[in-house]
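Heads up, run-v4.txt below (compact mmCIF, C-alpha atoms):
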# COMPACT_ATOMS: atom_id res chain seq x y z
CA MET R 9 -118.28 62.53 93.39
CA PHE R 10 -120.15 59.78 95.16
CA THR R 11 -123.08 57.91 93.70
CA SER R 12 -126.15 57.83 95.91
CA GLY R 13 -125.75 54.10 96.50
CA SER R 14 -122.15 54.39 97.65
CA MET R 15 -122.93 57.34 99.93
CA ASP R 16 -125.90 55.45 101.40
CA PHE R 17 -123.62 52.46 102.02
CA ILE R 18 -120.98 54.61 103.76
CA GLN R 19 -123.62 56.41 105.86
CA SER R 20 -125.25 53.17 106.94
CA LEU R 21 -121.83 51.68 107.70
CA ILE R 22 -120.77 54.59 109.91
CA CYS R 23 -124.17 55.10 111.59
CA GLY R 24 -124.60 51.36 112.14
CA SER R 25 -121.13 50.97 113.62
CA TYR R 26 -121.45 53.98 115.94
CA PRO R 27 -125.17 54.09 116.86
CA ASN R 28 -124.68 56.33 119.92
CA GLN R 29 -122.96 59.08 117.96
CA LEU R 30 -124.61 61.16 115.22
CA ARG R 31 -128.08 60.81 116.76
CA ASP R 32 -128.94 64.40 115.96
CA ASN R 33 -130.08 64.84 112.35
CA ASP R 34 -128.34 68.23 111.99
CA GLU R 35 -125.09 66.83 113.29
CA ARG R 36 -125.35 63.79 110.99
CA THR R 37 -126.13 66.02 107.97
CA ARG R 38 -123.18 68.29 108.78
CA TYR R 39 -120.83 65.31 109.26
CA PHE R 40 -121.73 63.73 105.93
CA LYS R 41 -121.71 67.04 104.00
CA ASN R 42 -118.16 67.57 105.22
CA PHE R 43 -117.47 63.93 104.41
CA GLU R 44 -118.61 64.40 100.79
CA ARG R 45 -116.69 67.68 100.47
CA ILE R 46 -113.42 66.18 101.73
CA PHE R 47 -113.59 62.84 99.90
CA ALA R 48 -115.23 63.95 96.62
CA ARG R 49 -111.95 63.79 94.71
CA TYR R 50 -111.22 60.19 95.74
CA ASP R 51 -112.52 56.96 94.23
CA GLU R 52 -115.62 55.85 96.10
CA GLN R 53 -114.37 52.27 96.46
CA ASP R 54 -111.13 53.46 98.06
CA VAL R 55 -113.10 55.69 100.44
CA ALA R 56 -115.41 52.81 101.38
CA ASP R 57 -112.39 50.58 102.02
CA ALA R 58 -110.79 53.27 104.20
CA VAL R 59 -114.04 53.65 106.16
CA GLU R 60 -114.16 49.88 106.76
CA ILE R 61 -110.53 49.84 107.92
CA THR R 62 -111.20 52.80 110.21
CA ILE R 63 -114.24 51.12 111.72
CA GLU R 64 -112.17 48.02 112.46
CA ARG R 65 -109.54 50.12 114.26
CA GLU R 66 -111.53 52.87 116.01
CA LYS R 67 -113.68 52.28 119.06
CA PHE R 68 -115.49 55.62 118.80
CA LEU R 69 -116.74 57.70 115.87
CA PRO R 70 -113.63 58.59 113.87
CA SER R 71 -112.88 62.10 112.77
CA LEU R 72 -112.78 62.76 109.06
CA ALA R 73 -109.05 63.42 109.41
CA THR R 74 -108.55 59.86 110.70
CA ILE R 75 -110.40 58.40 107.71
CA LYS R 76 -108.41 60.64 105.35
CA GLU R 77 -105.12 59.59 106.94
CA ILE R 78 -105.95 55.91 106.47
CA LEU R 79 -107.06 56.58 102.90
CA ASP R 80 -103.83 58.45 102.12
CA LYS R 81 -101.74 55.60 103.57
CA LYS R 82 -103.67 53.11 101.46
CA LEU R 83 -103.19 55.15 98.30
CA SER R 84 -99.49 55.78 98.95
CA ALA R 85 -98.94 52.04 99.53
CA ARG R 86 -100.68 51.30 96.24
CA ALA R 87 -98.60 53.93 94.44
CA GLU R 88 -95.39 52.50 95.92
CA ALA R 89 -96.37 49.01 94.81
CA GLU R 90 -97.02 50.29 91.30
CA ARG R 91 -93.68 52.14 91.28
CA SER R 92 -91.80 49.06 92.41
CA SER R 93 -93.49 46.92 89.76
CA LEU R 94 -92.54 49.52 87.16
CA LYS R 95 -88.95 49.44 88.38
CA ILE R 96 -88.84 45.68 87.98
CA ALA R 97 -90.21 46.01 84.45
CA GLU R 98 -87.73 48.77 83.63
CA TYR R 99 -84.67 46.87 84.84
CA SER R 100 -85.47 43.46 83.46
CA LYS R 101 -83.31 42.58 80.54
CA PRO R 102 -84.95 42.00 77.21
CA ARG R 103 -85.28 38.32 76.54
CA HIS R 104 -82.88 37.05 73.94
CA LYS R 105 -83.44 34.23 71.52
CA ILE R 106 -82.80 30.79 72.94
CA ASP R 107 -80.58 28.49 70.94
CA VAL R 108 -82.74 25.40 70.97
CA GLN R 109 -80.27 23.37 68.94
CA ALA R 110 -77.67 23.70 71.70
CA LEU R 111 -80.21 22.53 74.27
CA ILE R 112 -81.16 19.55 72.11
CA ALA R 113 -77.48 18.63 71.65
CA ARG R 114 -76.87 18.82 75.42
CA LEU R 115 -79.96 16.71 76.11
CA ALA R 116 -78.76 14.08 73.65
CA ALA R 117 -75.33 14.06 75.33
CA LEU R 118 -77.01 13.59 78.71
CA LYS R 119 -79.05 10.67 77.39
CA GLU R 120 -75.93 9.04 75.96
CA LYS R 121 -74.04 9.85 79.20
CA LYS R 122 -71.38 11.74 77.26
CA TYR R 123 -71.95 15.05 79.05
CA GLU R 124 -69.89 15.70 82.18
CA GLN R 125 -70.60 18.39 84.73
CA PRO R 126 -67.80 20.98 84.67
CA ILE R 127 -65.96 21.21 87.99
CA PRO R 128 -65.09 24.69 89.25
CA HIS R 129 -61.37 25.26 89.90
CA LYS R 130 -62.01 26.24 93.54
CA LEU R 131 -63.90 23.01 94.18
CA ARG R 132 -61.24 20.87 92.52
CA THR R 133 -58.56 22.61 94.64
CA PHE R 134 -60.60 21.97 97.81
CA ALA R 135 -61.07 18.27 96.98
CA ARG R 136 -57.40 17.81 96.09
CA SER R 137 -56.36 19.47 99.36
CA LEU R 138 -58.18 16.66 101.17
CA TRP R 139 -57.28 13.81 98.80
CA PRO R 140 -54.42 14.64 96.41
CA ASP R 141 -55.13 11.75 94.05
CA ILE R 142 -58.94 12.09 93.80
CA PRO R 143 -60.18 11.67 90.22
CA ASP R 144 -62.67 14.06 88.61
CA SER R 145 -65.31 11.33 88.36
CA VAL R 146 -65.41 11.01 92.17
CA ILE R 147 -65.58 14.80 92.51
CA ARG R 148 -68.57 14.86 90.13
CA LYS R 149 -70.22 12.01 92.05
CA ASN R 150 -69.92 13.95 95.33
CA LEU R 151 -70.35 17.44 93.90
CA ALA R 152 -73.08 18.55 96.32
CA ILE R 153 -71.32 17.63 99.55
CA LEU R 154 -67.98 19.00 98.38
CA THR R 155 -69.56 22.27 97.31
CA HIS R 156 -71.25 22.64 100.68
CA TYR R 157 -68.17 22.03 102.77
CA ALA R 158 -65.94 24.09 100.50
CA SER R 159 -68.16 27.09 101.20
CA THR R 160 -68.53 26.48 104.98
CA ASP R 161 -64.88 25.56 105.60
CA MET R 162 -66.12 22.35 107.27
CA GLN R 163 -67.50 24.28 110.28
CA LEU R 164 -70.78 23.06 111.78
CA ASP R 165 -71.56 25.77 114.32
CA GLU R 166 -70.14 28.65 116.35
CA CYS R 167 -68.84 26.30 119.06
CA GLY R 168 -66.06 25.08 116.83
CA ASN R 169 -67.52 21.67 116.01
CA LYS R 170 -66.19 20.46 112.69
CA VAL R 171 -66.80 17.77 110.13
CA GLN R 172 -64.25 15.27 108.90
CA LEU R 173 -64.71 13.90 105.42
CA TYR R 174 -63.64 10.39 104.53
CA LEU R 175 -63.47 8.80 101.10
CA SER R 176 -64.93 5.29 101.09
CA LYS R 177 -63.68 2.48 98.89
CA ASN R 178 -66.64 2.77 96.54
CA GLY R 179 -65.96 6.48 95.89
CA GLU R 180 -68.53 8.07 98.17
CA ILE R 181 -67.58 10.77 100.62
CA VAL R 182 -68.67 10.08 104.19
CA GLU R 183 -68.98 12.87 106.72
CA ARG R 184 -68.34 12.50 110.43
CA VAL R 185 -68.87 15.11 113.14
CA VAL R 186 -66.01 15.96 115.47
CA LEU R 187 -67.16 17.57 118.72
CA ASN R 188 -64.87 19.88 120.66

Write-out of the structure in structure tokens:
Amino acid sequence: MFTSGSMDFIQSLICGSYPNQLRDNDERTRYFKNFERIFARYDEQDVADAVEITIEREKFLPSLATIKEILDKKLSARAEAERSSLKIAEYSKPRHKIDVQALIARLAALKEKKYEQPIPHKLRTFARSLWPDIPDSVIRKNLAILTHYASTDMQLDECGNKVQLYLSKNGEIVERVVLN
């Protein structure tokens, strides 16, 4: 059920937006009685929003079916958003306890420079296929560039342009483009 203030707002919104329609008092009364009958079960704020959206879209006085269609789309979109947020909440794993002591020990090892980044076997194999005698320290130093080119197979684009990797004397990997 609409409060008198909300119904007055909706009436003034519709009559103000379409001043040439609903001039006749009987026609206006009939339109808004049907309006109240159709939209009585909906929330008045949702109905007002649907009326505003309809006014933005429609050039002429909209039928009540048009307003109801927009309102139903709005409500179904809201329900879908709520369902998807519930699905995310349902499928998220319960948070387990965090072992803070292990984090503190790793942080201390990082500060003392005793911690070394583990190198994946696939990456080590890729680096050793290019330079058979490359030490793990150089692989760790160039981890980002090696990871990138191991995943792209040293291809730059669809034209067949490739990259050649060179190992400098100071242990840095240099990349050079080879155009076809």

Note to self: Need the shell around Trp139 (chain R): protein/DNA/RNA residues with any atom at most 12 Å away, counting only C-alpha atoms. Skip same-chain ones fewer than 3 positions apart. Format as a ChimeraX atom specification?
What the structure shows: /R:132-136,142-144,146-147,154,173-176,179,181

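A straight line drawn from CA of Gly168 (chain R) to CA of Thr155 (chain R) is 20.0 Å long.
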
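From CA of Glu124 (chain R) back to CA of Asp161 (chain R), the distance works out to 25.9 Å.
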
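One finds CA of Ile78 (chain R) at 15.4 Å from CA of Arg49 (chain R).
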
Note to self: Give me, as a list in words, all polymer residues having an atom no more than 12 Å from Gly13 (chain R), counting only C-alpha atoms and skipping those fewer than 6 positions away in the same chain.
What the structure shows: Gln19, Ser20, Glu52, Gln53 and Ala56 of chain R

Next item on the list: Give as an MDAnalysis selection string the set of residues within 12 Å of the point (-109.0, 50.3, 98.3), where distances use the file's coordinates and all atoms listed in the file.
Entry: chainID R and resid 50:61 78:87

Margin query: For Gln163 (chain R), find every residue with an atom within 12 Å (counting all atoms listed in the file), except residues of its own chain fewer than 2 positions away, and show them as a PyMOL selection string.
Written below: chain R and resi 156-161+165-173+184-188

Requested write-out: C-alpha atoms of the selected residues, as a PDB file, in the frame of the given file:
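Below is the file selection.pdb, written as the result:
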ATOM      1  CA  HIS R 156     -71.250  22.640 100.680  1.00  0.00           C
ATOM      2  CA  TYR R 157     -68.170  22.030 102.770  1.00  0.00           C
ATOM      3  CA  ALA R 158     -65.940  24.090 100.500  1.00  0.00           C
ATOM      4  CA  SER R 159     -68.160  27.090 101.200  1.00  0.00           C
ATOM      5  CA  THR R 160     -68.530  26.480 104.980  1.00  0.00           C
ATOM      6  CA  ASP R 161     -64.880  25.560 105.600  1.00  0.00           C
ATOM      7  CA  ASP R 165     -71.560  25.770 114.320  1.00  0.00           C
ATOM      8  CA  GLU R 166     -70.140  28.650 116.350  1.00  0.00           C
ATOM      9  CA  CYS R 167     -68.840  26.300 119.060  1.00  0.00           C
ATOM     10  CA  GLY R 168     -66.060  25.080 116.830  1.00  0.00           C
ATOM     11  CA  ASN R 169     -67.520  21.670 116.010  1.00  0.00           C
ATOM     12  CA  LYS R 170     -66.190  20.460 112.690  1.00  0.00           C
ATOM     13  CA  VAL R 171     -66.800  17.770 110.130  1.00  0.00           C
ATOM     14  CA  GLN R 172     -64.250  15.270 108.900  1.00  0.00           C
ATOM     15  CA  LEU R 173     -64.710  13.900 105.420  1.00  0.00           C
ATOM     16  CA  ARG R 184     -68.340  12.500 110.430  1.00  0.00           C
ATOM     17  CA  VAL R 185     -68.870  15.110 113.140  1.00  0.00           C
ATOM     18  CA  VAL R 186     -66.010  15.960 115.470  1.00  0.00           C
ATOM     19  CA  LEU R 187     -67.160  17.570 118.720  1.00  0.00           C
ATOM     20  CA  ASN R 188     -64.870  19.880 120.660  1.00  0.00           C
TER      21      ASN R 188
END

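Taking all atoms listed in the file into account, Leu69 (chain R) lies nearest to R:Arg31 out of the set R:Arg31, R:Lys149, R:Lys177, R:Arg114.
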
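Among the candidates R:Thr11, R:Thr74, R:Ser145, R:Ser137, the residue lying nearest to Glu44 (chain R) is R:Thr11 (atoms considered: only C-alpha atoms).
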
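Distances here use only C-alpha atoms; by that measure, the residue among R:Arg148, R:Pro140, R:Ser25, R:Ile153 closest to Val182 (chain R) is R:Ile153.
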
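Take the candidates R:Glu66, R:Leu151, R:Ile18, R:Ser12 and check each one against Pro126 (chain R) using all atoms listed in the file; the shortest distance goes to R:Leu151.
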
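Taking all atoms listed in the file into account, Pro27 (chain R) lies nearest to R:Phe68 out of the set R:Phe68, R:Phe10, R:Glu120, R:Ile75.
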
Taking all listed atoms of region 170-179 of chain R, build the axis-aligned box, pad each of the six sides by 3 Å, then write its centre and edge lengths in Å to one decimal as JSON.
{"center_x": -65.1, "center_y": 11.5, "center_z": 104.3, "size_x": 9.3, "size_y": 24.0, "size_z": 22.8}
